[in-house]
file upload-v7.pdb (PDB, C-alpha atoms)
ATOM      1  CA  MET A   1     117.499 153.236 118.981  1.00  0.00           C
ATOM      2  CA  SER A   2     115.146 150.316 119.139  1.00  0.00           C
ATOM      3  CA  SER A   3     112.246 150.068 116.787  1.00  0.00           C
ATOM      4  CA  ALA A   4     108.907 148.649 117.792  1.00  0.00           C
ATOM      5  CA  ILE A   5     106.365 146.637 115.868  1.00  0.00           C
ATOM      6  CA  TYR A   6     102.769 147.043 116.896  1.00  0.00           C
ATOM      7  CA  ILE A   7      99.912 144.584 116.435  1.00  0.00           C
ATOM      8  CA  SER A   8      96.309 145.339 117.273  1.00  0.00           C
ATOM      9  CA  TYR A   9      94.018 143.092 119.194  1.00  0.00           C
ATOM     10  CA  GLY A  10      91.889 142.851 116.074  1.00  0.00           C
ATOM     11  CA  GLU A  11      94.861 141.470 114.174  1.00  0.00           C
ATOM     12  CA  ILE A  12      95.447 138.932 116.939  1.00  0.00           C
ATOM     13  CA  ALA A  13      91.828 137.801 116.615  1.00  0.00           C
ATOM     14  CA  VAL A  14      92.167 137.548 112.829  1.00  0.00           C
ATOM     15  CA  ARG A  15      95.265 135.385 113.088  1.00  0.00           C
ATOM     16  CA  LEU A  16      93.765 133.037 115.641  1.00  0.00           C
ATOM     17  CA  GLY A  17      90.539 132.857 113.641  1.00  0.00           C
ATOM     18  CA  LEU A  18      92.484 132.021 110.491  1.00  0.00           C
ATOM     19  CA  ALA A  19      94.302 129.304 112.405  1.00  0.00           C
ATOM     20  CA  VAL A  20      90.921 127.842 113.366  1.00  0.00           C
ATOM     21  CA  LEU A  21      89.821 127.901 109.721  1.00  0.00           C
ATOM     22  CA  LEU A  22      92.936 126.412 108.163  1.00  0.00           C
ATOM     23  CA  GLY A  23      93.445 123.809 110.866  1.00  0.00           C
ATOM     24  CA  GLY A  24      89.749 122.952 110.689  1.00  0.00           C
ATOM     25  CA  LEU A  25      89.894 122.334 106.943  1.00  0.00           C
ATOM     26  CA  VAL A  26      92.619 119.734 107.352  1.00  0.00           C
ATOM     27  CA  GLY A  27      90.967 118.296 110.460  1.00  0.00           C
ATOM     28  CA  PHE A  28      87.612 117.981 108.700  1.00  0.00           C
ATOM     29  CA  GLU A  29      89.180 115.820 106.010  1.00  0.00           C
ATOM     30  CA  ARG A  30      90.761 113.596 108.659  1.00  0.00           C
ATOM     31  CA  GLU A  31      87.439 113.458 110.521  1.00  0.00           C
ATOM     32  CA  ARG A  32      85.685 112.217 107.390  1.00  0.00           C
ATOM     33  CA  GLN A  33      88.155 109.357 107.177  1.00  0.00           C
ATOM     34  CA  ASN A  34      87.487 108.418 110.823  1.00  0.00           C
ATOM     35  CA  ARG A  35      91.100 108.983 111.824  1.00  0.00           C
ATOM     36  CA  PRO A  36      92.162 109.090 115.494  1.00  0.00           C
ATOM     37  CA  ALA A  37      93.008 112.807 115.221  1.00  0.00           C
ATOM     38  CA  GLY A  38      90.173 114.719 113.617  1.00  0.00           C
ATOM     39  CA  LEU A  39      88.617 118.157 113.476  1.00  0.00           C
ATOM     40  CA  ARG A  40      89.101 119.291 117.068  1.00  0.00           C
ATOM     41  CA  THR A  41      92.642 117.986 117.380  1.00  0.00           C
ATOM     42  CA  HIS A  42      93.833 119.758 114.233  1.00  0.00           C
ATOM     43  CA  ILE A  43      92.143 123.015 115.246  1.00  0.00           C
ATOM     44  CA  LEU A  44      93.723 122.889 118.691  1.00  0.00           C
ATOM     45  CA  VAL A  45      97.175 122.190 117.266  1.00  0.00           C
ATOM     46  CA  CYS A  46      96.911 124.978 114.698  1.00  0.00           C
ATOM     47  CA  VAL A  47      95.532 127.565 117.142  1.00  0.00           C
ATOM     48  CA  GLY A  48      98.049 126.589 119.808  1.00  0.00           C
ATOM     49  CA  SER A  49     100.929 126.932 117.360  1.00  0.00           C
ATOM     50  CA  ALA A  50      99.663 130.323 116.203  1.00  0.00           C
ATOM     51  CA  LEU A  51      99.294 131.537 119.788  1.00  0.00           C
ATOM     52  CA  ILE A  52     102.777 130.325 120.707  1.00  0.00           C
ATOM     53  CA  MET A  53     104.179 132.268 117.779  1.00  0.00           C
ATOM     54  CA  LEU A  54     102.240 135.376 118.807  1.00  0.00           C
ATOM     55  CA  VAL A  55     103.482 135.100 122.374  1.00  0.00           C
ATOM     56  CA  SER A  56     107.020 134.482 121.180  1.00  0.00           C
ATOM     57  CA  VAL A  57     106.980 137.575 118.957  1.00  0.00           C
ATOM     58  CA  TYR A  58     104.817 140.014 120.893  1.00  0.00           C
ATOM     59  CA  GLY A  59     104.692 138.877 124.502  1.00  0.00           C
ATOM     60  CA  PHE A  60     108.048 139.750 126.107  1.00  0.00           C
ATOM     61  CA  ARG A  61     108.033 143.517 126.541  1.00  0.00           C
ATOM     62  CA  GLY A  62     105.470 143.875 129.270  1.00  0.00           C
ATOM     63  CA  ASP A  63     103.086 145.182 126.626  1.00  0.00           C
ATOM     64  CA  LEU A  64     101.204 142.518 124.673  1.00  0.00           C
ATOM     65  CA  ALA A  65     101.244 144.652 121.575  1.00  0.00           C
ATOM     66  CA  VAL A  66     104.893 145.685 121.425  1.00  0.00           C
ATOM     67  CA  ILE A  67     108.141 143.969 120.566  1.00  0.00           C
ATOM     68  CA  GLY A  68     111.533 145.626 120.765  1.00  0.00           C
ATOM     69  CA  SER A  69     114.768 144.795 119.048  1.00  0.00           C
ATOM     70  CA  GLY A  70     117.008 142.016 120.320  1.00  0.00           C
ATOM     71  CA  VAL A  71     114.154 139.544 120.896  1.00  0.00           C
ATOM     72  CA  ASP A  72     114.509 136.183 119.165  1.00  0.00           C
ATOM     73  CA  PRO A  73     110.989 134.933 118.351  1.00  0.00           C
ATOM     74  CA  SER A  74     112.245 131.538 117.245  1.00  0.00           C
ATOM     75  CA  ARG A  75     113.243 130.296 120.697  1.00  0.00           C
ATOM     76  CA  ILE A  76     109.754 129.339 121.896  1.00  0.00           C
ATOM     77  CA  ALA A  77     108.291 128.634 118.463  1.00  0.00           C
ATOM     78  CA  ALA A  78     111.019 126.069 117.786  1.00  0.00           C
ATOM     79  CA  GLN A  79     109.732 123.956 120.661  1.00  0.00           C
ATOM     80  CA  VAL A  80     106.420 123.469 118.862  1.00  0.00           C
ATOM     81  CA  VAL A  81     108.066 121.068 116.442  1.00  0.00           C
ATOM     82  CA  THR A  82     109.299 118.859 119.287  1.00  0.00           C
ATOM     83  CA  GLY A  83     106.010 118.961 121.158  1.00  0.00           C
ATOM     84  CA  VAL A  84     103.911 118.128 118.115  1.00  0.00           C
ATOM     85  CA  GLY A  85     106.235 115.231 117.350  1.00  0.00           C
ATOM     86  CA  PHE A  86     105.179 113.502 120.558  1.00  0.00           C
ATOM     87  CA  LEU A  87     101.514 114.235 119.831  1.00  0.00           C
ATOM     88  CA  GLY A  88     101.741 112.809 116.321  1.00  0.00           C
ATOM     89  CA  ALA A  89     103.458 109.675 117.577  1.00  0.00           C
ATOM     90  CA  GLY A  90     100.333 108.888 119.575  1.00  0.00           C
ATOM     91  CA  THR A  91      98.318 108.480 116.364  1.00  0.00           C
ATOM     92  CA  ILE A  92     100.659 105.843 114.903  1.00  0.00           C
ATOM     93  CA  LEU A  93      99.468 102.303 115.578  1.00  0.00           C
ATOM     94  CA  ARG A  94     100.894  98.949 114.600  1.00  0.00           C
ATOM     95  CA  HIS A  95      98.779  95.881 113.939  1.00  0.00           C
ATOM     96  CA  GLY A  96     101.075  92.980 113.081  1.00  0.00           C
ATOM     97  CA  ASN A  97     102.960  93.996 109.966  1.00  0.00           C
ATOM     98  CA  THR A  98     100.601  96.886 109.231  1.00  0.00           C
ATOM     99  CA  ILE A  99     101.315 100.415 110.468  1.00  0.00           C
ATOM    100  CA  THR A 100      98.517 102.992 110.456  1.00  0.00           C
ATOM    101  CA  GLY A 101      98.281 106.646 111.404  1.00  0.00           C
ATOM    102  CA  LEU A 102     101.403 107.908 109.641  1.00  0.00           C
ATOM    103  CA  THR A 103      99.426 110.253 107.390  1.00  0.00           C
ATOM    104  CA  THR A 104      97.477 111.654 110.331  1.00  0.00           C
ATOM    105  CA  ALA A 105     100.691 112.191 112.290  1.00  0.00           C
ATOM    106  CA  ALA A 106     102.138 114.046 109.309  1.00  0.00           C
ATOM    107  CA  SER A 107      98.993 116.176 108.969  1.00  0.00           C
ATOM    108  CA  ILE A 108      99.265 117.214 112.629  1.00  0.00           C
ATOM    109  CA  TRP A 109     102.893 118.189 112.094  1.00  0.00           C
ATOM    110  CA  VAL A 110     102.036 120.230 108.976  1.00  0.00           C
ATOM    111  CA  VAL A 111      99.086 121.899 110.738  1.00  0.00           C
ATOM    112  CA  SER A 112     101.431 123.054 113.491  1.00  0.00           C
ATOM    113  CA  ALA A 113     103.654 124.625 110.835  1.00  0.00           C
ATOM    114  CA  ILE A 114     100.593 126.308 109.312  1.00  0.00           C
ATOM    115  CA  GLY A 115      99.697 127.691 112.717  1.00  0.00           C
ATOM    116  CA  LEU A 116     103.196 129.093 113.163  1.00  0.00           C
ATOM    117  CA  ALA A 117     102.985 130.742 109.748  1.00  0.00           C
ATOM    118  CA  VAL A 118      99.629 132.306 110.595  1.00  0.00           C
ATOM    119  CA  GLY A 119     100.927 133.505 113.953  1.00  0.00           C
ATOM    120  CA  ILE A 120     103.829 135.339 112.338  1.00  0.00           C
ATOM    121  CA  GLY A 121     101.534 136.822 109.678  1.00  0.00           C
ATOM    122  CA  PHE A 122     102.731 134.731 106.728  1.00  0.00           C
ATOM    123  CA  TYR A 123      99.199 134.286 105.401  1.00  0.00           C
ATOM    124  CA  VAL A 124     100.046 133.390 101.809  1.00  0.00           C
ATOM    125  CA  GLY A 125     102.378 130.588 102.842  1.00  0.00           C
ATOM    126  CA  ALA A 126      99.852 129.232 105.328  1.00  0.00           C
ATOM    127  CA  ALA A 127      97.019 129.279 102.783  1.00  0.00           C
ATOM    128  CA  LEU A 128      99.097 127.665 100.048  1.00  0.00           C
ATOM    129  CA  ALA A 129     100.355 124.987 102.426  1.00  0.00           C
ATOM    130  CA  THR A 130      96.778 124.205 103.495  1.00  0.00           C
ATOM    131  CA  ALA A 131      95.668 123.899  99.873  1.00  0.00           C
ATOM    132  CA  MET A 132      98.560 121.573  99.093  1.00  0.00           C
ATOM    133  CA  VAL A 133      97.888 119.431 102.160  1.00  0.00           C
ATOM    134  CA  LEU A 134      94.198 119.075 101.265  1.00  0.00           C
ATOM    135  CA  GLY A 135      95.125 118.297  97.686  1.00  0.00           C
ATOM    136  CA  SER A 136      97.478 115.514  98.745  1.00  0.00           C
ATOM    137  CA  LEU A 137      95.006 114.080 101.255  1.00  0.00           C
ATOM    138  CA  VAL A 138      91.976 114.155  98.947  1.00  0.00           C
ATOM    139  CA  PHE A 139      93.228 113.707  95.391  1.00  0.00           C
ATOM    140  CA  LEU A 140      96.307 111.582  95.958  1.00  0.00           C
ATOM    141  CA  ARG A 141      94.205 109.153  97.986  1.00  0.00           C
ATOM    142  CA  SER A 142      92.200 108.303  94.871  1.00  0.00           C
ATOM    143  CA  MET A 143      95.468 107.726  93.011  1.00  0.00           C
ATOM    144  CA  GLU A 144      96.667 105.401  95.771  1.00  0.00           C
ATOM    145  CA  VAL A 145      93.399 103.463  95.556  1.00  0.00           C
ATOM    146  CA  THR A 146      93.795 103.213  91.782  1.00  0.00           C
ATOM    147  CA  PHE A 147      97.360 101.946  92.085  1.00  0.00           C
ATOM    148  CA  ALA A 148      96.323  99.475  94.770  1.00  0.00           C
ATOM    149  CA  ARG A 149      93.586  98.124  92.512  1.00  0.00           C
ATOM    150  CA  MET A 150      96.027  97.826  89.642  1.00  0.00           C
ATOM    151  CA  LYS A 151      98.416  95.889  91.852  1.00  0.00           C
ATOM    152  CA  SER A 152      95.672  93.461  92.860  1.00  0.00           C
ATOM    153  CA  LEU A 153      94.649  92.718  89.248  1.00  0.00           C
ATOM    154  CA  ARG A 154      95.697  89.296  87.999  1.00  0.00           C
ATOM    155  CA  ARG A 155      95.066  87.330  84.845  1.00  0.00           C
ATOM    156  CA  LEU A 156      93.679  83.809  85.069  1.00  0.00           C
ATOM    157  CA  TRP A 157      93.703  81.483  82.068  1.00  0.00           C
ATOM    158  CA  ILE A 158      91.613  78.360  81.868  1.00  0.00           C
ATOM    159  CA  ARG A 159      91.253  75.681  79.226  1.00  0.00           C
ATOM    160  CA  GLY A 160      88.185  73.565  79.506  1.00  0.00           C
ATOM    161  CA  LEU A 161      85.572  71.515  77.733  1.00  0.00           C
ATOM    162  CA  ASP A 162      83.046  73.517  75.748  1.00  0.00           C
ATOM    163  CA  GLN A 163      80.017  72.551  77.792  1.00  0.00           C
ATOM    164  CA  PRO A 164      77.064  74.433  79.282  1.00  0.00           C
ATOM    165  CA  GLY A 165      77.596  75.874  82.749  1.00  0.00           C
ATOM    166  CA  LEU A 166      81.408  75.911  82.711  1.00  0.00           C
ATOM    167  CA  ILE A 167      81.764  79.682  83.025  1.00  0.00           C
ATOM    168  CA  GLY A 168      78.980  79.700  85.604  1.00  0.00           C
ATOM    169  CA  ARG A 169      80.784  77.187  87.810  1.00  0.00           C
ATOM    170  CA  ILE A 170      84.024  79.122  87.513  1.00  0.00           C
ATOM    171  CA  GLY A 171      82.274  82.416  88.332  1.00  0.00           C
ATOM    172  CA  ALA A 172      80.521  80.919  91.334  1.00  0.00           C
ATOM    173  CA  LEU A 173      83.802  79.629  92.777  1.00  0.00           C
ATOM    174  CA  LEU A 174      85.527  82.969  92.236  1.00  0.00           C
ATOM    175  CA  GLY A 175      82.592  84.765  93.863  1.00  0.00           C
ATOM    176  CA  GLU A 176      82.749  82.521  96.933  1.00  0.00           C
ATOM    177  CA  ALA A 177      86.435  83.395  97.290  1.00  0.00           C
ATOM    178  CA  GLY A 178      85.658  87.121  97.135  1.00  0.00           C
ATOM    179  CA  VAL A 179      87.366  87.561  93.753  1.00  0.00           C
ATOM    180  CA  ASN A 180      85.844  90.123  91.406  1.00  0.00           C
ATOM    181  CA  ILE A 181      85.766  89.408  87.660  1.00  0.00           C
ATOM    182  CA  THR A 182      86.733  92.550  85.745  1.00  0.00           C
ATOM    183  CA  LYS A 183      86.949  91.171  82.222  1.00  0.00           C
ATOM    184  CA  ILE A 184      86.480  87.874  80.339  1.00  0.00           C
ATOM    185  CA  ASN A 185      87.880  86.861  76.959  1.00  0.00           C
ATOM    186  CA  LEU A 186      86.566  83.668  75.389  1.00  0.00           C
ATOM    187  CA  SER A 187      88.248  81.914  72.451  1.00  0.00           C
ATOM    188  CA  ASP A 188      86.550  79.910  69.714  1.00  0.00           C
ATOM    189  CA  ALA A 189      86.020  76.245  70.447  1.00  0.00           C
ATOM    190  CA  GLU A 190      88.505  73.804  68.879  1.00  0.00           C
ATOM    191  CA  TYR A 191      88.167  70.051  68.630  1.00  0.00           C
ATOM    192  CA  HIS A 192      90.848  68.039  70.471  1.00  0.00           C
ATOM    193  CA  GLU A 193      91.180  64.373  69.741  1.00  0.00           C
ATOM    194  CA  THR A 194      92.766  63.775  73.146  1.00  0.00           C
ATOM    195  CA  PHE A 195      89.514  64.650  74.895  1.00  0.00           C
ATOM    196  CA  SER A 196      87.230  63.823  71.986  1.00  0.00           C
ATOM    197  CA  ALA A 197      85.485  67.124  72.607  1.00  0.00           C
ATOM    198  CA  GLU A 198      85.472  70.807  71.815  1.00  0.00           C
ATOM    199  CA  VAL A 199      87.917  72.795  74.004  1.00  0.00           C
ATOM    200  CA  ILE A 200      87.812  76.517  74.733  1.00  0.00           C
ATOM    201  CA  SER A 201      90.284  78.932  76.321  1.00  0.00           C
ATOM    202  CA  ILE A 202      89.039  81.538  78.802  1.00  0.00           C
ATOM    203  CA  ASP A 203      91.066  84.510  80.017  1.00  0.00           C
ATOM    204  CA  PHE A 204      89.867  86.295  83.155  1.00  0.00           C
ATOM    205  CA  LEU A 205      91.059  89.660  84.464  1.00  0.00           C
ATOM    206  CA  LEU A 206      90.447  89.414  88.201  1.00  0.00           C
ATOM    207  CA  GLN A 207      90.665  91.740  91.166  1.00  0.00           C
ATOM    208  CA  VAL A 208      92.078  89.492  93.862  1.00  0.00           C
ATOM    209  CA  PRO A 209      91.979  90.665  97.501  1.00  0.00           C
ATOM    210  CA  PRO A 210      95.253  90.189  99.431  1.00  0.00           C
ATOM    211  CA  ARG A 211      93.614  87.761 101.838  1.00  0.00           C
ATOM    212  CA  VAL A 212      92.863  85.209  99.087  1.00  0.00           C
ATOM    213  CA  ASP A 213      95.090  82.110  99.004  1.00  0.00           C
ATOM    214  CA  THR A 214      95.780  82.026  95.269  1.00  0.00           C
ATOM    215  CA  ASP A 215      97.354  78.549  95.340  1.00  0.00           C
ATOM    216  CA  GLU A 216      94.296  77.078  97.030  1.00  0.00           C
ATOM    217  CA  LEU A 217      92.046  78.917  94.564  1.00  0.00           C
ATOM    218  CA  ILE A 218      93.927  77.365  91.632  1.00  0.00           C
ATOM    219  CA  ARG A 219      93.504  73.891  93.122  1.00  0.00           C
ATOM    220  CA  LYS A 220      89.759  74.388  93.552  1.00  0.00           C
ATOM    221  CA  LEU A 221      89.410  75.675  89.997  1.00  0.00           C
ATOM    222  CA  ALA A 222      91.369  72.698  88.639  1.00  0.00           C
ATOM    223  CA  ALA A 223      88.955  70.354  90.437  1.00  0.00           C
ATOM    224  CA  LEU A 224      85.892  71.807  88.723  1.00  0.00           C
ATOM    225  CA  GLN A 225      84.029  69.650  86.233  1.00  0.00           C
ATOM    226  CA  GLY A 226      85.111  70.462  82.684  1.00  0.00           C
ATOM    227  CA  VAL A 227      88.322  72.319  83.590  1.00  0.00           C
ATOM    228  CA  LEU A 228      91.379  70.882  81.855  1.00  0.00           C
ATOM    229  CA  GLU A 229      94.115  73.379  82.645  1.00  0.00           C
ATOM    230  CA  VAL A 230      94.302  76.526  84.779  1.00  0.00           C
ATOM    231  CA  GLY A 231      96.989  79.011  85.839  1.00  0.00           C
ATOM    232  CA  TRP A 232      97.892  82.574  86.777  1.00  0.00           C
ATOM    233  CA  GLU A 233      99.549  84.991  84.422  1.00  0.00           C
ATOM    234  CA  ARG A 234     100.221  88.392  86.052  1.00  0.00           C
ATOM    235  CA  ASP A 235     103.036  89.796  83.947  1.00  0.00           C
ATOM    236  CA  SER A 236     106.006  88.664  81.901  1.00  0.00           C
ATOM    237  CA  ASP A 237     108.308  88.530  84.925  1.00  0.00           C
ATOM    238  CA  ASP A 238     106.042  86.374  87.094  1.00  0.00           C
ATOM    239  CA  LYS A 239     106.162  82.609  87.036  1.00  0.00           C
ATOM    240  CA  ASN A 240     102.908  80.898  86.097  1.00  0.00           C
ATOM    241  CA  ASN A 241     101.337  78.808  88.796  1.00  0.00           C
ATOM    242  CA  SER A 242      99.252  76.270  86.923  1.00  0.00           C
ATOM    243  CA  PHE A 243      97.546  72.915  87.134  1.00  0.00           C
ATOM    244  CA  LYS A 244      96.955  70.596  84.222  1.00  0.00           C
ATOM    245  CA  ILE A 245      94.423  67.818  84.052  1.00  0.00           C
ATOM    246  CA  SER A 246      95.635  64.949  81.875  1.00  0.00           C
TER     247      SER A 246
END
call {"tool": "encode", "arguments": {"input": "upload-v7.pdb", "output": "structure tokens"}}
result
Amino acid sequence: MSSAIYISYGEIAVRLGLAVLLGGLVGFERERQNRPAGLRTHILVCVGSALIMLVSVYGFRGDLAVIGSGVDPSRIAAQVVTGVGFLGAGTILRHGNTITGLTTAASIWVVSAIGLAVGIGFYVGAALATAMVLGSLVFLRSMEVTFARMKSLRRLWIRGLDQPGLIGRIGALLGEAGVNITKINLSDAEYHETFSAEVISIDFLLQVPPRVDTDELIRKLAALQGVLEVGWERDSDDKNNSFKIS
């Protein structure tokens, strides 16, 4: 004897409404980041996935609200994964060696899974997945920015004559190159007979954008008046790239 599972039209409305909410939360975050797939796209994907699941489970008995035994609800729902894969691929763009849109494509794929979960009535899983997705998109982004900044930090050491305006000239050149000075350490002046003058050592902690030609920057710094020796020192494994004025 076949059993039947009933779902009210109110429950259908609740599930589709929840799909709008959860998909919209993820889409709103993407919209704020000006991504190619934003609020509307994520809502449509989530609602469409939920509706496909509802149709797959409840739509094959001639009565929208009844399902009998022997019906496999996974047959149609499984096609959502394939369809969303093509949609997500449209958000992936390549500019030279840089590929963008992977995160947005992944968010579309996850939103479709959230919609399927809502459509089948797995509310807890859908809500938890949405919270985790938002957490990874919002909070992990700040961690990525922090790591990126750490990677772009480099130490610059300079030995030069202890004369007025030396640090100003160095700072002006770094500013023109778009390099941000994070920290400066200045040693005490020591007299060197070779130069018949007081010499100081300056250590800079710099935030260097990827576009900066560091070799050219070193050459320009070495050409400054009063600079005797200059070089990079990133970590113990890196080779120093330096110039010495003799």
call {"tool": "residues_near_point", "arguments": {"input": "upload-v7.pdb", "point": "(102.8, 128.0, 105.2)", "cutoff": "10 Å", "atoms": "all atoms listed in the file", "output": "mmCIF file with C-alpha atoms, keeping the file's coordinate frame"}}
result
data_model
loop_
_atom_site.group_PDB
_atom_site.id
_atom_site.type_symbol
_atom_site.label_atom_id
_atom_site.label_comp_id
_atom_site.auth_asym_id
_atom_site.auth_seq_id
_atom_site.Cartn_x
_atom_site.Cartn_y
_atom_site.Cartn_z
ATOM 1 C CA VAL A 110 102.036 120.230 108.976
ATOM 2 C CA VAL A 111 99.086 121.899 110.738
ATOM 3 C CA SER A 112 101.431 123.054 113.491
ATOM 4 C CA ALA A 113 103.654 124.625 110.835
ATOM 5 C CA ILE A 114 100.593 126.308 109.312
ATOM 6 C CA GLY A 115 99.697 127.691 112.717
ATOM 7 C CA LEU A 116 103.196 129.093 113.163
ATOM 8 C CA ALA A 117 102.985 130.742 109.748
ATOM 9 C CA VAL A 118 99.629 132.306 110.595
ATOM 10 C CA GLY A 121 101.534 136.822 109.678
ATOM 11 C CA PHE A 122 102.731 134.731 106.728
ATOM 12 C CA TYR A 123 99.199 134.286 105.401
ATOM 13 C CA VAL A 124 100.046 133.390 101.809
ATOM 14 C CA GLY A 125 102.378 130.588 102.842
ATOM 15 C CA ALA A 126 99.852 129.232 105.328
ATOM 16 C CA ALA A 127 97.019 129.279 102.783
ATOM 17 C CA LEU A 128 99.097 127.665 100.048
ATOM 18 C CA ALA A 129 100.355 124.987 102.426
ATOM 19 C CA THR A 130 96.778 124.205 103.495
ATOM 20 C CA ALA A 131 95.668 123.899 99.873
ATOM 21 C CA MET A 132 98.560 121.573 99.093
#
call {"tool": "residues_around", "arguments": {"input": "upload-v7.pdb", "residues": "stretch 36-47 of chain A", "least_positions_apart": "4", "cutoff": "10 Å", "atoms": "all atoms listed in the file", "output": "PyMOL selection string"}}
result
chain A and resi 15-32+51-53+80+84+87-88+90-93+101+104-105+107-119
call {"tool": "atom_distance", "arguments": {"input": "upload-v7.pdb", "atom1": "atom CA of A:Ala77", "atom2": "atom CA of A:Tyr58"}}
result
12.1 Å
call {"tool": "residues_around", "arguments": {"input": "upload-v7.pdb", "residues": "A:Leu166", "least_positions_apart": "6", "cutoff": "12 Å", "atoms": "only C-alpha atoms", "output": "list in words"}}
result
Ile158, Arg159, Gly160, Ala172, Leu173, Leu186, Val199, Ile200, Ser201, Ile202, Leu221, Leu224, Gln225, Gly226, Val227 and Leu228 of chain A
call {"tool": "atom_distance", "arguments": {"input": "upload-v7.pdb", "atom1": "atom CA of A:Val179", "atom2": "atom CA of A:Gly165"}}
result
18.8 Å
call {"tool": "atom_distance", "arguments": {"input": "upload-v7.pdb", "atom1": "atom CA of A:Arg219", "atom2": "atom CA of A:Ile170"}}
result
12.2 Å
call {"tool": "resolve_selection", "arguments": {"input": "upload-v7.pdb", "expression": "the PyMOL selection byres ((chain A and resi 214) around 12)", "output": "ChimeraX atom specification"}}
result
/A:152,154-156,174,177-179,206-213,215-221,230-233,240-242
call {"tool": "write_last_selection", "arguments": {"input": "upload-v7.pdb", "atoms": "C-alpha atoms", "output": "mmCIF file, in the coordinates of the input"}}
result
data_model
loop_
_atom_site.group_PDB
_atom_site.id
_atom_site.type_symbol
_atom_site.label_atom_id
_atom_site.label_comp_id
_atom_site.auth_asym_id
_atom_site.auth_seq_id
_atom_site.Cartn_x
_atom_site.Cartn_y
_atom_site.Cartn_z
ATOM 1 C CA SER A 152 95.672 93.461 92.860
ATOM 2 C CA ARG A 154 95.697 89.296 87.999
ATOM 3 C CA ARG A 155 95.066 87.330 84.845
ATOM 4 C CA LEU A 156 93.679 83.809 85.069
ATOM 5 C CA LEU A 174 85.527 82.969 92.236
ATOM 6 C CA ALA A 177 86.435 83.395 97.290
ATOM 7 C CA GLY A 178 85.658 87.121 97.135
ATOM 8 C CA VAL A 179 87.366 87.561 93.753
ATOM 9 C CA LEU A 206 90.447 89.414 88.201
ATOM 10 C CA GLN A 207 90.665 91.740 91.166
ATOM 11 C CA VAL A 208 92.078 89.492 93.862
ATOM 12 C CA PRO A 209 91.979 90.665 97.501
ATOM 13 C CA PRO A 210 95.253 90.189 99.431
ATOM 14 C CA ARG A 211 93.614 87.761 101.838
ATOM 15 C CA VAL A 212 92.863 85.209 99.087
ATOM 16 C CA ASP A 213 95.090 82.110 99.004
ATOM 17 C CA ASP A 215 97.354 78.549 95.340
ATOM 18 C CA GLU A 216 94.296 77.078 97.030
ATOM 19 C CA LEU A 217 92.046 78.917 94.564
ATOM 20 C CA ILE A 218 93.927 77.365 91.632
ATOM 21 C CA ARG A 219 93.504 73.891 93.122
ATOM 22 C CA LYS A 220 89.759 74.388 93.552
ATOM 23 C CA LEU A 221 89.410 75.675 89.997
ATOM 24 C CA VAL A 230 94.302 76.526 84.779
ATOM 25 C CA GLY A 231 96.989 79.011 85.839
ATOM 26 C CA TRP A 232 97.892 82.574 86.777
ATOM 27 C CA GLU A 233 99.549 84.991 84.422
ATOM 28 C CA ASN A 240 102.908 80.898 86.097
ATOM 29 C CA ASN A 241 101.337 78.808 88.796
ATOM 30 C CA SER A 242 99.252 76.270 86.923
#
call {"tool": "closest_residue", "arguments": {"input": "upload-v7.pdb", "among": "A:Phe139, A:Ser49, A:Val55, A:Asp203", "to": "A:Thr82", "atoms": "only C-alpha atoms"}}
result
A:Ser49
call {"tool": "axis_aligned_box", "arguments": {"input": "upload-v7.pdb", "around": "stretch 159-170 of chain A", "padding_each_side": "3 Å", "output": "JSON"}}
result
{"center_x": 84.2, "center_y": 75.6, "center_z": 81.8, "size_x": 20.2, "size_y": 14.2, "size_z": 18.1}
